$ cat final31.txt   # compact mmCIF, C-alpha atoms and all ligand atoms
# COMPACT_ATOMS: atom_id res chain seq x y z
CA MET A 1 -35.61 39.55 113.18
CA ARG A 2 -39.18 38.25 113.39
CA ILE A 3 -41.06 37.23 110.24
CA ASP A 4 -44.83 36.73 110.40
CA GLN A 5 -47.22 34.68 108.28
CA GLN A 6 -44.86 34.15 105.39
CA PRO A 7 -46.17 31.96 102.53
CA ALA A 8 -43.94 28.89 102.45
CA TYR A 9 -43.49 25.22 101.61
CA VAL A 10 -41.42 22.72 103.56
CA LEU A 11 -38.93 21.10 101.16
CA HIS A 12 -37.33 18.66 103.57
CA ALA A 13 -37.32 17.80 107.26
CA ARG A 14 -34.73 15.97 109.22
CA PRO A 15 -34.37 15.15 112.93
CA TYR A 16 -32.46 17.81 114.81
CA ARG A 17 -31.26 17.62 118.41
CA GLU A 18 -33.50 15.60 120.70
CA THR A 19 -37.08 16.45 119.82
CA SER A 20 -36.75 19.01 117.04
CA LEU A 21 -36.81 19.02 113.28
CA LEU A 22 -34.63 21.04 110.95
CA LEU A 23 -36.86 22.19 108.12
CA GLU A 24 -35.60 23.41 104.77
CA CYS A 25 -38.30 25.76 103.52
CA LEU A 26 -38.96 27.76 100.40
CA THR A 27 -40.57 31.06 101.32
CA ARG A 28 -42.04 33.76 99.12
CA ASP A 29 -40.02 36.77 100.26
CA HIS A 30 -37.01 35.24 102.01
CA GLY A 31 -36.04 32.48 99.60
CA ARG A 32 -34.81 29.25 101.09
CA VAL A 33 -34.53 29.27 104.88
CA GLY A 34 -33.51 26.68 107.44
CA LEU A 35 -35.91 26.63 110.39
CA VAL A 36 -35.72 24.67 113.62
CA ALA A 37 -39.12 23.37 114.72
CA ARG A 38 -38.88 22.54 118.41
CA GLY A 39 -40.75 19.74 120.14
CA VAL A 40 -42.52 18.34 117.09
CA ARG A 41 -41.16 14.79 117.28
CA GLY A 42 -42.34 11.92 119.42
CA GLU A 43 -45.77 10.46 119.97
CA ARG A 44 -47.44 13.48 121.50
CA ALA A 45 -46.33 15.70 118.63
CA ARG A 46 -47.76 13.69 115.77
CA LEU A 47 -50.25 16.34 114.68
CA ALA A 48 -47.73 19.15 114.38
CA ARG A 49 -45.42 16.87 112.41
CA ALA A 50 -48.10 16.04 109.84
CA GLU A 51 -48.68 19.75 109.27
CA LEU A 52 -45.02 20.21 108.37
CA GLU A 53 -44.86 17.69 105.52
CA PRO A 54 -43.72 18.83 102.06
CA PHE A 55 -46.17 20.15 99.43
CA LEU A 56 -48.57 21.79 101.92
CA PRO A 57 -49.12 25.52 101.42
CA LEU A 58 -48.24 27.07 104.78
CA ALA A 59 -48.00 30.45 106.45
CA LEU A 60 -44.89 30.27 108.64
CA SER A 61 -43.70 32.63 111.34
CA TRP A 62 -40.16 32.51 112.69
CA ARG A 63 -37.41 34.37 114.44
CA MET A 64 -34.12 34.52 112.56
CA ARG A 65 -30.93 34.04 114.52
CA GLY A 66 -27.77 33.68 112.49
CA GLU A 67 -27.90 30.94 109.86
CA LEU A 68 -31.06 29.25 111.18
CA GLY A 69 -34.47 30.49 112.26
CA THR A 70 -36.68 29.20 115.03
CA LEU A 71 -40.19 28.32 113.95
CA ALA A 72 -42.77 30.26 115.96
CA GLY A 73 -45.92 29.21 114.15
CA ALA A 74 -47.28 27.25 111.18
CA GLU A 75 -50.73 27.55 109.72
CA ALA A 76 -52.44 26.06 106.71
CA ALA A 77 -52.60 28.50 103.80
CA GLY A 78 -54.84 26.78 101.30
CA ALA A 79 -55.87 23.29 100.36
CA PRO A 80 -53.01 20.74 100.21
CA GLN A 81 -51.79 19.59 96.78
CA ARG A 82 -52.33 15.85 96.70
CA LEU A 83 -49.39 14.39 94.82
CA ALA A 84 -49.58 10.68 94.15
CA GLY A 85 -47.60 8.10 92.24
CA ASP A 86 -44.97 9.37 89.82
CA ALA A 87 -46.05 12.96 90.52
CA LEU A 88 -44.94 12.42 94.12
CA LEU A 89 -41.49 11.28 92.97
CA ALA A 90 -41.38 14.31 90.66
CA GLY A 91 -42.26 16.52 93.65
CA LEU A 92 -39.32 15.10 95.60
CA TYR A 93 -37.16 15.94 92.59
CA LEU A 94 -38.33 19.57 92.65
CA ASN A 95 -37.43 19.76 96.33
CA GLU A 96 -33.97 18.30 95.84
CA LEU A 97 -33.38 20.68 92.94
CA VAL A 98 -34.30 23.72 95.03
CA VAL A 99 -32.28 22.67 98.07
CA ARG A 100 -29.21 21.86 96.00
CA LEU A 101 -29.26 24.88 93.68
CA VAL A 102 -30.66 27.69 95.85
CA ALA A 103 -28.47 29.12 98.61
CA ARG A 104 -30.13 29.90 101.95
CA GLN A 105 -31.52 33.37 102.44
CA ASP A 106 -31.12 34.63 98.91
CA SER A 107 -34.45 36.09 97.90
CA HIS A 108 -35.72 35.10 94.44
CA PRO A 109 -39.23 36.55 94.16
CA GLU A 110 -40.28 34.60 91.03
CA LEU A 111 -39.08 31.26 92.37
CA PHE A 112 -41.87 30.77 94.91
CA GLY A 113 -44.56 31.32 92.29
CA ALA A 114 -42.84 28.99 89.84
CA TYR A 115 -42.60 26.28 92.51
CA ALA A 116 -46.26 26.60 93.52
CA LEU A 117 -47.27 26.51 89.86
CA ALA A 118 -45.22 23.34 89.25
CA LEU A 119 -46.81 21.63 92.28
CA GLY A 120 -50.25 22.56 90.98
CA ARG A 121 -49.42 21.07 87.58
CA LEU A 122 -48.13 17.85 89.15
CA ALA A 123 -51.25 17.59 91.31
CA ALA A 124 -53.45 18.19 88.26
CA GLY A 125 -51.84 15.32 86.41
CA GLU A 126 -50.19 17.39 83.67
CA SER A 127 -47.21 15.94 81.77
CA LEU A 128 -44.49 15.23 84.34
CA ALA A 129 -41.61 15.77 81.95
CA TRP A 130 -42.96 19.05 80.61
CA THR A 131 -43.79 20.35 84.10
CA LEU A 132 -40.25 19.58 85.27
CA ARG A 133 -38.61 21.21 82.22
CA ARG A 134 -40.69 24.37 82.67
CA PHE A 135 -39.77 24.55 86.37
CA GLU A 136 -36.07 23.97 85.66
CA ARG A 137 -36.18 26.77 83.08
CA ASP A 138 -37.89 29.15 85.53
CA LEU A 139 -35.60 28.17 88.40
CA LEU A 140 -32.49 28.87 86.32
CA ASP A 141 -34.02 32.21 85.28
CA ALA A 142 -34.80 33.15 88.88
CA LEU A 143 -31.24 32.33 89.95
CA GLY A 144 -29.76 34.44 87.17
CA TYR A 145 -28.54 31.42 85.16
CA GLY A 146 -31.20 31.85 82.49
CA LEU A 147 -30.82 29.62 79.42
CA LEU A 148 -30.13 31.03 75.98
CA LEU A 149 -32.98 29.61 73.91
CA ASP A 150 -33.43 31.78 70.83
CA ARG A 151 -29.98 32.44 69.39
CA GLN A 152 -26.55 30.89 69.02
CA ALA A 153 -24.03 31.46 71.78
CA GLU A 154 -21.13 32.71 69.69
CA ASP A 155 -22.63 35.04 67.07
CA GLU A 156 -26.23 35.73 68.12
CA THR A 157 -27.60 34.10 64.95
CA PRO A 158 -31.28 33.26 65.53
CA LEU A 159 -31.86 29.52 66.02
CA GLN A 160 -33.28 27.58 63.06
CA PRO A 161 -36.10 25.17 63.99
CA GLN A 162 -34.78 22.49 61.61
CA ALA A 163 -31.14 22.72 62.69
CA ASP A 164 -29.45 20.63 65.43
CA TYR A 165 -27.50 22.27 68.22
CA VAL A 166 -25.33 21.27 71.14
CA TYR A 167 -26.14 23.14 74.32
CA LEU A 168 -22.97 24.13 76.16
CA PRO A 169 -23.91 24.62 79.83
CA GLU A 170 -21.86 27.77 80.42
CA GLN A 171 -22.60 29.37 77.05
CA GLY A 172 -25.61 28.20 75.10
CA PRO A 173 -26.52 26.60 71.77
CA GLN A 174 -23.78 25.90 69.24
CA PRO A 175 -24.44 24.40 65.79
CA TRP A 176 -24.01 20.63 66.00
CA ARG A 177 -21.03 19.37 64.05
CA GLY A 178 -20.59 16.00 65.73
CA GLN A 179 -19.02 17.45 68.88
CA PRO A 180 -19.89 15.88 72.27
CA GLY A 181 -22.58 17.32 74.50
CA PRO A 182 -26.37 17.29 74.72
CA ARG A 183 -27.82 17.53 71.21
CA VAL A 184 -31.15 19.24 70.74
CA ARG A 185 -33.22 20.54 67.81
CA GLY A 186 -33.66 24.27 67.34
CA ALA A 187 -37.41 23.75 67.35
CA ASP A 188 -37.28 22.26 70.86
CA LEU A 189 -35.22 25.13 72.29
CA LEU A 190 -37.62 27.62 70.69
CA ALA A 191 -40.59 25.66 72.10
CA LEU A 192 -39.13 25.84 75.61
CA ALA A 193 -38.61 29.60 75.18
CA ALA A 194 -42.21 30.04 74.00
CA ASP A 195 -43.60 27.71 76.70
CA ARG A 196 -44.99 25.33 74.06
CA MET A 197 -44.78 21.60 74.82
CA PRO A 198 -42.48 19.78 72.36
CA ASP A 199 -43.04 16.22 71.14
CA PRO A 200 -41.75 13.28 73.26
CA GLU A 201 -38.45 13.19 71.36
CA GLY A 202 -37.99 16.91 72.02
CA LEU A 203 -38.84 16.45 75.70
CA ALA A 204 -36.23 13.70 75.99
CA ALA A 205 -33.60 15.93 74.35
CA LEU A 206 -34.47 18.83 76.65
CA ARG A 207 -34.17 16.50 79.67
CA ARG A 208 -30.63 15.51 78.67
CA MET A 209 -29.78 19.18 78.10
CA MET A 210 -31.17 20.26 81.50
CA ARG A 211 -29.23 17.52 83.27
CA ALA A 212 -26.01 18.73 81.71
CA VAL A 213 -26.78 22.34 82.66
CA ILE A 214 -27.82 21.47 86.23
CA ALA A 215 -24.82 19.16 86.68
CA ALA A 216 -22.58 22.07 85.64
CA HIS A 217 -24.21 24.34 88.24
CA LEU A 218 -23.76 21.61 90.87
CA GLY A 219 -20.05 21.57 90.07
CA GLY A 220 -20.27 18.27 88.20
CA GLY A 221 -22.38 16.47 90.79
CA GLU A 222 -25.69 14.82 90.15
CA LEU A 223 -29.08 14.77 91.83
CA ARG A 224 -30.07 11.63 93.72
CA ALA A 225 -33.64 12.04 92.47
CA TRP A 226 -32.48 11.53 88.87
CA ARG A 227 -31.81 7.90 89.73
CA VAL A 228 -35.05 7.44 91.67
CA LEU A 229 -37.16 9.15 89.06
CA GLY A 230 -35.36 7.66 86.09
CA GLU A 231 -35.80 4.14 87.38
CA ALA A 232 -39.43 4.66 88.33
CA LEU A 233 -40.33 6.12 84.95
CA ARG A 234 -38.42 3.45 83.08
CA HIS A 235 -40.94 0.98 84.44
CA ARG A 236 -43.64 2.46 82.18
CA MET B 1 -18.29 19.15 131.27
CA SER B 2 -15.55 19.38 133.93
CA THR B 3 -15.12 16.30 136.10
CA ALA B 4 -12.22 15.12 138.19
CA SER B 5 -11.89 11.95 136.13
CA LYS B 6 -11.01 11.71 132.50
CA VAL B 7 -12.63 8.25 132.21
CA LEU B 8 -15.83 9.60 133.75
CA ALA B 9 -15.87 12.49 131.31
CA GLU B 10 -15.49 10.02 128.45
CA LEU B 11 -18.38 7.90 129.76
CA ILE B 12 -20.67 10.92 130.03
CA ASP B 13 -19.73 12.03 126.54
CA ALA B 14 -20.29 8.50 125.15
CA LEU B 15 -23.76 8.23 126.73
CA ARG B 16 -24.84 11.29 124.81
CA CYS B 17 -24.92 9.24 121.58
CA LEU B 18 -28.23 7.79 122.82
CA PRO B 19 -31.35 9.46 121.41
CA GLY B 20 -32.94 11.92 123.81
CA VAL B 21 -29.89 12.00 126.10
CA GLY B 22 -28.32 15.40 126.67
CA ALA B 23 -25.44 16.40 128.92
CA LYS B 24 -27.54 16.43 132.11
CA SER B 25 -29.15 13.01 131.60
CA ALA B 26 -25.81 11.50 130.59
CA GLN B 27 -24.23 12.72 133.81
CA ARG B 28 -27.13 11.35 135.87
CA MET B 29 -26.83 7.94 134.18
CA ALA B 30 -23.09 7.78 134.70
CA PHE B 31 -23.36 8.73 138.40
CA HIS B 32 -26.18 6.24 138.91
CA LEU B 33 -24.18 3.35 137.47
CA LEU B 34 -21.04 4.26 139.43
CA GLU B 35 -22.76 4.93 142.73
CA ARG B 36 -25.50 2.32 142.84
CA ASP B 37 -25.33 -0.27 140.11
CA ARG B 38 -21.88 -1.35 139.02
CA ASP B 39 -23.14 -4.85 138.17
CA GLY B 40 -25.80 -3.35 135.92
CA GLY B 41 -23.13 -1.20 134.32
CA ARG B 42 -20.91 -4.21 133.66
CA ARG B 43 -23.84 -6.12 132.16
CA LEU B 44 -24.68 -3.13 129.96
CA ALA B 45 -21.07 -2.86 128.79
CA ALA B 46 -20.89 -6.56 127.94
CA ALA B 47 -24.25 -6.54 126.15
CA LEU B 48 -23.30 -3.43 124.17
CA THR B 49 -19.96 -4.91 123.11
CA ALA B 50 -21.57 -8.22 122.10
CA ALA B 51 -24.33 -6.47 120.17
CA MET B 52 -22.01 -4.10 118.35
CA GLU B 53 -19.62 -6.91 117.43
CA ARG B 54 -22.10 -9.61 116.48
CA ILE B 55 -25.32 -8.10 115.20
CA GLY B 56 -25.47 -7.54 111.47
CA HIS B 57 -28.31 -7.68 108.98
CA CYS B 58 -30.31 -10.69 107.84
CA ARG B 59 -29.35 -11.65 104.31
CA GLN B 60 -33.00 -12.16 103.37
CA CYS B 61 -34.97 -9.44 105.14
CA ARG B 62 -32.23 -6.98 106.25
CA THR B 63 -33.43 -6.77 109.83
CA PHE B 64 -30.96 -6.98 112.71
CA SER B 65 -29.63 -10.50 113.15
CA GLU B 66 -26.55 -12.22 114.54
CA GLU B 67 -27.03 -15.11 112.14
CA PRO B 68 -26.69 -14.70 108.35
CA VAL B 69 -30.45 -15.44 108.17
CA CYS B 70 -32.63 -14.23 111.07
CA ALA B 71 -34.87 -16.50 113.17
CA LEU B 72 -38.03 -15.16 111.51
CA CYS B 73 -36.82 -15.88 107.98
CA ALA B 74 -35.25 -19.23 108.90
CA GLY B 75 -38.25 -20.51 110.86
CA ALA B 76 -40.77 -22.90 109.34
CA ALA B 77 -43.75 -21.43 111.18
CA ARG B 78 -44.30 -18.37 108.98
CA ASP B 79 -46.32 -18.02 105.79
CA ARG B 80 -43.72 -17.51 103.06
CA HIS B 81 -46.26 -16.32 100.49
CA VAL B 82 -46.82 -12.97 102.21
CA LEU B 83 -44.06 -10.37 102.55
CA CYS B 84 -44.54 -7.16 104.55
CA VAL B 85 -42.20 -4.24 103.72
CA VAL B 86 -41.42 -1.86 106.58
CA GLU B 87 -39.07 1.09 106.94
CA SER B 88 -37.30 0.01 110.12
CA PRO B 89 -36.80 -2.87 112.57
CA SER B 90 -38.90 -0.91 115.09
CA ASP B 91 -41.81 -0.91 112.63
CA LEU B 92 -41.38 -4.68 112.30
CA ALA B 93 -41.51 -5.02 116.09
CA ALA B 94 -44.63 -2.84 116.25
CA ILE B 95 -46.47 -5.02 113.71
CA GLU B 96 -45.34 -8.22 115.45
CA GLN B 97 -46.70 -6.93 118.77
CA ALA B 98 -49.96 -5.42 117.53
CA THR B 99 -51.17 -7.84 114.89
CA GLY B 100 -51.48 -11.55 114.33
CA TYR B 101 -49.45 -11.31 111.13
CA ARG B 102 -47.89 -14.66 110.25
CA GLY B 103 -45.98 -13.81 107.07
CA LEU B 104 -42.42 -12.62 106.56
CA TYR B 105 -40.87 -9.13 106.46
CA PHE B 106 -38.52 -7.05 104.39
CA VAL B 107 -36.85 -4.10 106.14
CA LEU B 108 -35.78 -1.15 103.98
CA LEU B 109 -33.76 0.59 106.72
CA GLY B 110 -35.04 3.93 105.48
CA ARG B 111 -37.36 5.38 102.84
CA LEU B 112 -36.80 6.99 99.46
CA SER B 113 -35.39 10.40 100.28
CA PRO B 114 -33.12 11.99 97.69
CA LEU B 115 -32.09 14.77 100.07
CA ASP B 116 -30.99 12.25 102.71
CA GLY B 117 -28.98 10.34 100.13
CA LEU B 118 -31.40 7.39 100.21
CA GLY B 119 -32.23 5.87 96.84
CA PRO B 120 -33.20 2.37 95.62
CA ASP B 121 -29.67 1.00 96.17
CA GLU B 122 -29.50 2.06 99.82
CA LEU B 123 -32.89 0.48 100.51
CA GLY B 124 -32.02 -2.95 99.12
CA MET B 125 -34.54 -2.72 96.27
CA ASP B 126 -32.45 -5.08 94.11
CA LEU B 127 -32.55 -7.73 96.81
CA LEU B 128 -36.32 -7.31 97.02
CA ARG B 129 -36.70 -7.47 93.23
CA ARG B 130 -34.77 -10.75 93.16
CA ARG B 131 -36.87 -12.09 96.02
CA LEU B 132 -40.10 -11.31 94.15
CA ALA B 133 -38.72 -12.85 90.96
CA GLU B 134 -38.25 -16.17 92.79
CA GLY B 135 -42.02 -16.56 92.69
CA GLU B 136 -42.67 -17.65 96.26
CA VAL B 137 -44.21 -14.32 97.37
CA GLN B 138 -47.85 -13.89 96.34
CA GLU B 139 -48.71 -10.71 98.25
CA LEU B 140 -46.48 -7.74 99.07
CA ILE B 141 -47.86 -5.75 102.00
CA VAL B 142 -46.52 -2.20 101.82
CA ALA B 143 -46.29 -0.85 105.37
CA THR B 144 -44.16 2.26 104.87
CA ASN B 145 -45.11 5.31 106.93
CA PRO B 146 -47.88 7.65 105.73
CA THR B 147 -45.41 10.51 105.16
CA VAL B 148 -44.57 12.06 101.80
CA GLU B 149 -41.39 10.01 101.60
CA GLY B 150 -43.13 6.86 102.84
CA GLU B 151 -45.81 7.31 100.17
CA ALA B 152 -43.20 7.80 97.45
CA THR B 153 -41.53 4.59 98.64
CA ALA B 154 -44.89 2.79 98.59
CA HIS B 155 -45.41 3.87 95.00
CA TYR B 156 -41.99 2.57 94.05
CA LEU B 157 -42.68 -0.76 95.79
CA ALA B 158 -46.04 -1.08 94.04
CA GLN B 159 -44.26 -0.78 90.67
CA LEU B 160 -41.71 -3.38 91.73
CA ALA B 161 -44.53 -5.76 92.65
CA ARG B 162 -46.43 -5.08 89.43
CA ASP B 163 -43.30 -5.85 87.37
CA ALA B 164 -42.96 -9.17 89.17
CA GLY B 165 -46.66 -9.99 88.83
CA VAL B 166 -47.13 -9.91 92.61
CA ARG B 167 -50.24 -8.42 94.23
CA ALA B 168 -49.38 -5.35 96.34
CA THR B 169 -51.51 -4.13 99.25
CA ARG B 170 -51.14 -1.02 101.40
CA LEU B 171 -51.99 -0.51 105.05
CA ALA B 172 -55.16 1.53 105.43
CA HIS B 173 -54.60 4.89 107.08
CA GLY B 174 -57.04 7.43 108.29
CA VAL B 175 -58.80 8.62 111.36
CA PRO B 176 -57.17 7.18 114.49
CA LEU B 177 -59.44 5.05 116.68
CA GLY B 178 -60.86 7.19 119.46
CA GLY B 179 -60.09 10.37 117.51
CA GLU B 180 -62.46 13.24 116.82
CA LEU B 181 -62.62 14.73 113.34
CA GLU B 182 -62.31 18.35 114.41
CA PHE B 183 -58.96 17.67 116.12
CA ILE B 184 -57.39 15.68 113.31
CA ASP B 185 -54.78 17.39 111.15
CA ARG B 186 -56.01 18.25 107.68
CA SER B 187 -53.63 15.93 105.78
CA THR B 188 -54.80 12.89 107.71
CA LEU B 189 -58.40 13.94 107.33
CA ALA B 190 -58.00 14.58 103.59
CA HIS B 191 -56.37 11.17 103.21
CA ALA B 192 -59.05 9.39 105.21
CA PHE B 193 -61.74 11.20 103.24
CA GLY B 194 -60.15 10.22 99.92
CA GLY B 195 -59.85 6.59 101.05
CA ARG B 196 -63.42 6.23 102.31
CA GLN B 197 -64.99 2.79 102.00
CA ALA B 198 -68.49 1.46 101.36
CA LEU B 199 -70.52 0.67 104.46
CA ASP B 200 -71.69 -2.90 104.33
ZN ZN C 301 -34.68 -12.14 108.08
$ encode --input "final31.txt" --output "structure tokens" --more "lines below"
Ligand SMILES: [Zn+2]
Amino acid sequence: MRIDQQPAYVLHARPYRETSLLLECLTRDHGRVGLVARGVRGERARLARAELEPFLPLALSWRMRGELGTLAGAEAAGAPQRLAGDALLAGLYLNELVVRLVARQDSHPELFGAYALALGRLAAGESLAWTLRRFERDLLDALGYGLLLDRQAEDETPLQPQADYVYLPEQGPQPWRGQPGPRVRGADLLALAADRMPDPEGLAALRRMMRAVIAAHLGGGELRAWRVLGEALRHR
Amino acid sequence: MSTASKVLAELIDALRCLPGVGAKSAQRMAFHLLERDRDGGRRLAAALTAAMERIGHCRQCRTFSEEPVCALCAGAARDRHVLCVVESPSDLAAIEQATGYRGLYFVLLGRLSPLDGLGPDELGMDLLRRRLAEGEVQELIVATNPTVEGEATAHYLAQLARDAGVRATRLAHGVPLGGELEFIDRSTLAHAFGGRQALD
């Protein structure tokens, strides 16, 4: 199967065989795909390699054969998003999140747009924490693991802004009665649902909640970028 | 690979661990050593064994060294106030050969890359933080590669330096000497454009 001029981003590249790269890509219509880019390593291939860095909007063409595709062409598809500083670390976090949570070749039409939007927000210098929470929310939605953000898990009672809840990863918000788990205010869950940025305390609570949810979807594992990002941002 | 000798088959298979060596090249190397250069083969075997047994990492800069502290770090001839951070020993060698740099190095043996399992611990960032806290280093030259991951690493190193009150500098990158703008990839050109400098 040959795919032409598909909007895509490279999420990660690693050396493959002698002079090739194995690219993990997020594409608009084909979800995450693994593509082998032949002959792009070594001194004479420096230009091609630079064009296949993460965060560049690309139009990729490839031929699918089994689990992996073979890259047939890569063109620029728009101006590159210049991520710098902490936004760059946050971008690496987005990429790890997508590679770890999204299976290859499952198409999730909304995911590509959400990813491009998040990159644009990082490049524009918007709040890192809020940009990441919005992307995590949209990613979980696109994968069919959407969060329950407006009512209680057990009895569908609407959430109260003033009340505290514990977010159970597999179920949703439960009134807080001192039980363990990520504790978050109703107002912050409602803000996330309405796409309204909460205060710093709310953002911190939502971060802890998202980590618990994502860890549950990873089967209890954790993301390496949490450590990198956490340590970098602690230095503020 | 079918050969008459089991030992030969093992040699050919072992040679394939070298970068850029496939089945065909491995076979050619093995035949060459056996047919024409047994002394060279014995020397290679001895050197490989010695290197694999004895070469570890320098306790101070993490580069390859058979001593606990490498010759560069132990020597008195280098400027100990300047520390250049590189991703790999081959980057260190490139800087040694191309520049007149007289300071010391710190070798990360990688770059921040969550998806490759490389975080601050794997890159020896604690060792570097302690080194900066000692107060001897006055300038940290960040010479990681101009890739996304190299830039992320540079950012992390800049924070480390700032926390320790050490000045951090970054290698300039842009248009390669002898290059023509129209043939330069757009990322490099965008970077060079963003980092333009005043003409004196
Ligand atoms: Zn050393």
$ residues_near_ligand --input "final31.txt" --ligand "ligand ZN 301 (chain C)" --cutoff "10 Å" --atoms "only C-alpha atoms and all ligand atoms" --output "list in words"
His57, Cys58, Arg59, Gln60, Cys61, Arg62, Thr63, Phe64, Ser65, Glu67, Pro68, Val69, Cys70, Ala71, Leu72, Cys73, Ala74, Gly75, Leu104, Tyr105, Phe106 and Val107 of chain B
$ closest_atom_pairs --input "final31.txt" --of "chain B" --to "chain A" --cutoff "10 Å" --atoms "all atoms listed in the file" --output "CSV"
residue,atom,partner,partner_atom,distance
B:Leu18,CA,A:Glu18,CA,9.7
B:Pro19,CA,A:Glu18,CA,6.5
B:Gly20,CA,A:Glu18,CA,4.9
B:Val21,CA,A:Glu18,CA,7.4
B:Gly22,CA,A:Glu18,CA,7.9
B:Leu112,CA,A:Val228,CA,8.0
B:Ser113,CA,A:Leu92,CA,7.7
B:Pro114,CA,A:Arg224,CA,5.0
B:Leu115,CA,A:Glu96,CA,5.8
B:Asp116,CA,A:Arg14,CA,8.4
B:Gly117,CA,A:Arg224,CA,6.6
B:Leu118,CA,A:Arg224,CA,7.9
B:Gly119,CA,A:Val228,CA,6.1
B:Pro120,CA,A:Val228,CA,6.7
B:Asp121,CA,A:Val228,CA,9.5
B:Pro146,CA,A:Ala50,CA,9.3
B:Thr147,CA,A:Glu53,CA,7.2
B:Val148,CA,A:Glu53,CA,6.8
B:Glu149,CA,A:Leu92,CA,8.1
B:Glu151,CA,A:Ala84,CA,7.9
B:Ala152,CA,A:Leu89,CA,5.9
B:Thr153,CA,A:Leu89,CA,8.8
B:Ala154,CA,A:Gly85,CA,8.7
B:His155,CA,A:Gly85,CA,5.5
B:Tyr156,CA,A:Ala232,CA,6.6
B:Leu157,CA,A:Ala232,CA,9.8
B:Ala158,CA,A:Gly85,CA,9.5
B:Gln159,CA,A:His235,CA,7.3
B:Leu160,CA,A:His235,CA,8.5
B:Arg162,CA,A:His235,CA,9.6
B:Asp163,CA,A:His235,CA,7.8
B:Phe183,CA,A:Leu47,CA,8.9
B:Ile184,CA,A:Leu47,CA,7.3
B:Asp185,CA,A:Leu47,CA,5.8
B:Arg186,CA,A:Glu51,CA,7.6
B:Ser187,CA,A:Ala50,CA,6.9
B:Thr188,CA,A:Ala50,CA,7.7
B:Ala190,CA,A:Pro80,CA,8.6
B:His191,CA,A:Arg82,CA,9.0
$ closest_residue --input "final31.txt" --among "A:Leu94, A:Ala142, A:Ala216, A:Leu111" --to "Leu168 of chain A" --atoms "only C-alpha atoms"
A:Ala216
$ atom_distance --input "final31.txt" --atom1 "atom CA of Tyr9 of chain A" --atom2 "atom CA of Met210 of chain A"
24.1 Å
$ closest_residue --input "final31.txt" --among "B:Leu177, B:Ala133, B:Met29, B:Leu108" --to "Gly41 of chain B" --atoms "only C-alpha atoms"
B:Met29
$ closest_residue --input "final31.txt" --among "A:Gly172, A:Pro161, A:Pro7, A:Gly120" --to "Leu149 of chain A" --atoms "all atoms listed in the file"
A:Gly172
$ atom_distance --input "final31.txt" --atom1 "atom CA of Asp79 of chain B" --atom2 "atom CA of Leu132 of chain B"
14.8 Å
$ residues_near_point --input "final31.txt" --point "(-33.3, 29.7, 72.6)" --cutoff "7 Å" --atoms "all atoms listed in the file" --output "JSON, numbers by chain"
{"A": [148, 149, 150, 151, 159, 189, 190, 193]}
$ atom_distance --input "final31.txt" --atom1 "atom CA of Asp4 of chain A" --atom2 "atom CA of Leu119 of chain A"
23.7 Å
$ closest_residue --input "final31.txt" --among "A:Leu21, A:Ala129, A:Met1, A:Val213" --to "Pro169 of chain A" --atoms "only C-alpha atoms"
A:Val213
$ residues_around --input "final31.txt" --residues "Ile141 of chain B" --least-positions-apart "4" --cutoff "8 Å" --atoms "all atoms listed in the file" --output "list in words"
Val82, Leu83, Cys84, Val85, Ala168, Thr169, Arg170 and Leu171 of chain B
$ residues_around --input "final31.txt" --residues "Ala30 of chain B" --least-positions-apart "2" --cutoff "10 Å" --atoms "only C-alpha atoms" --output "PDB file with C-alpha atoms, keeping the file's coordinate frame"
ATOM      1  CA  LEU B   8     -15.830   9.600 133.750  1.00  0.00           C
ATOM      2  CA  ALA B   9     -15.870  12.490 131.310  1.00  0.00           C
ATOM      3  CA  LEU B  11     -18.380   7.900 129.760  1.00  0.00           C
ATOM      4  CA  ILE B  12     -20.670  10.920 130.030  1.00  0.00           C
ATOM      5  CA  ASP B  13     -19.730  12.030 126.540  1.00  0.00           C
ATOM      6  CA  ALA B  14     -20.290   8.500 125.150  1.00  0.00           C
ATOM      7  CA  LEU B  15     -23.760   8.230 126.730  1.00  0.00           C
ATOM      8  CA  SER B  25     -29.150  13.010 131.600  1.00  0.00           C
ATOM      9  CA  ALA B  26     -25.810  11.500 130.590  1.00  0.00           C
ATOM     10  CA  GLN B  27     -24.230  12.720 133.810  1.00  0.00           C
ATOM     11  CA  ARG B  28     -27.130  11.350 135.870  1.00  0.00           C
ATOM     12  CA  HIS B  32     -26.180   6.240 138.910  1.00  0.00           C
ATOM     13  CA  LEU B  33     -24.180   3.350 137.470  1.00  0.00           C
ATOM     14  CA  LEU B  34     -21.040   4.260 139.430  1.00  0.00           C
ATOM     15  CA  GLU B  35     -22.760   4.930 142.730  1.00  0.00           C
ATOM     16  CA  ASP B  37     -25.330  -0.270 140.110  1.00  0.00           C
ATOM     17  CA  GLY B  41     -23.130  -1.200 134.320  1.00  0.00           C
TER      18      GLY B  41
END
$ residues_around --input "final31.txt" --residues "Glu53 of chain B" --least-positions-apart "5" --cutoff "10 Å" --atoms "only C-alpha atoms" --output "PyMOL selection string"
chain B and resi 47-48+66
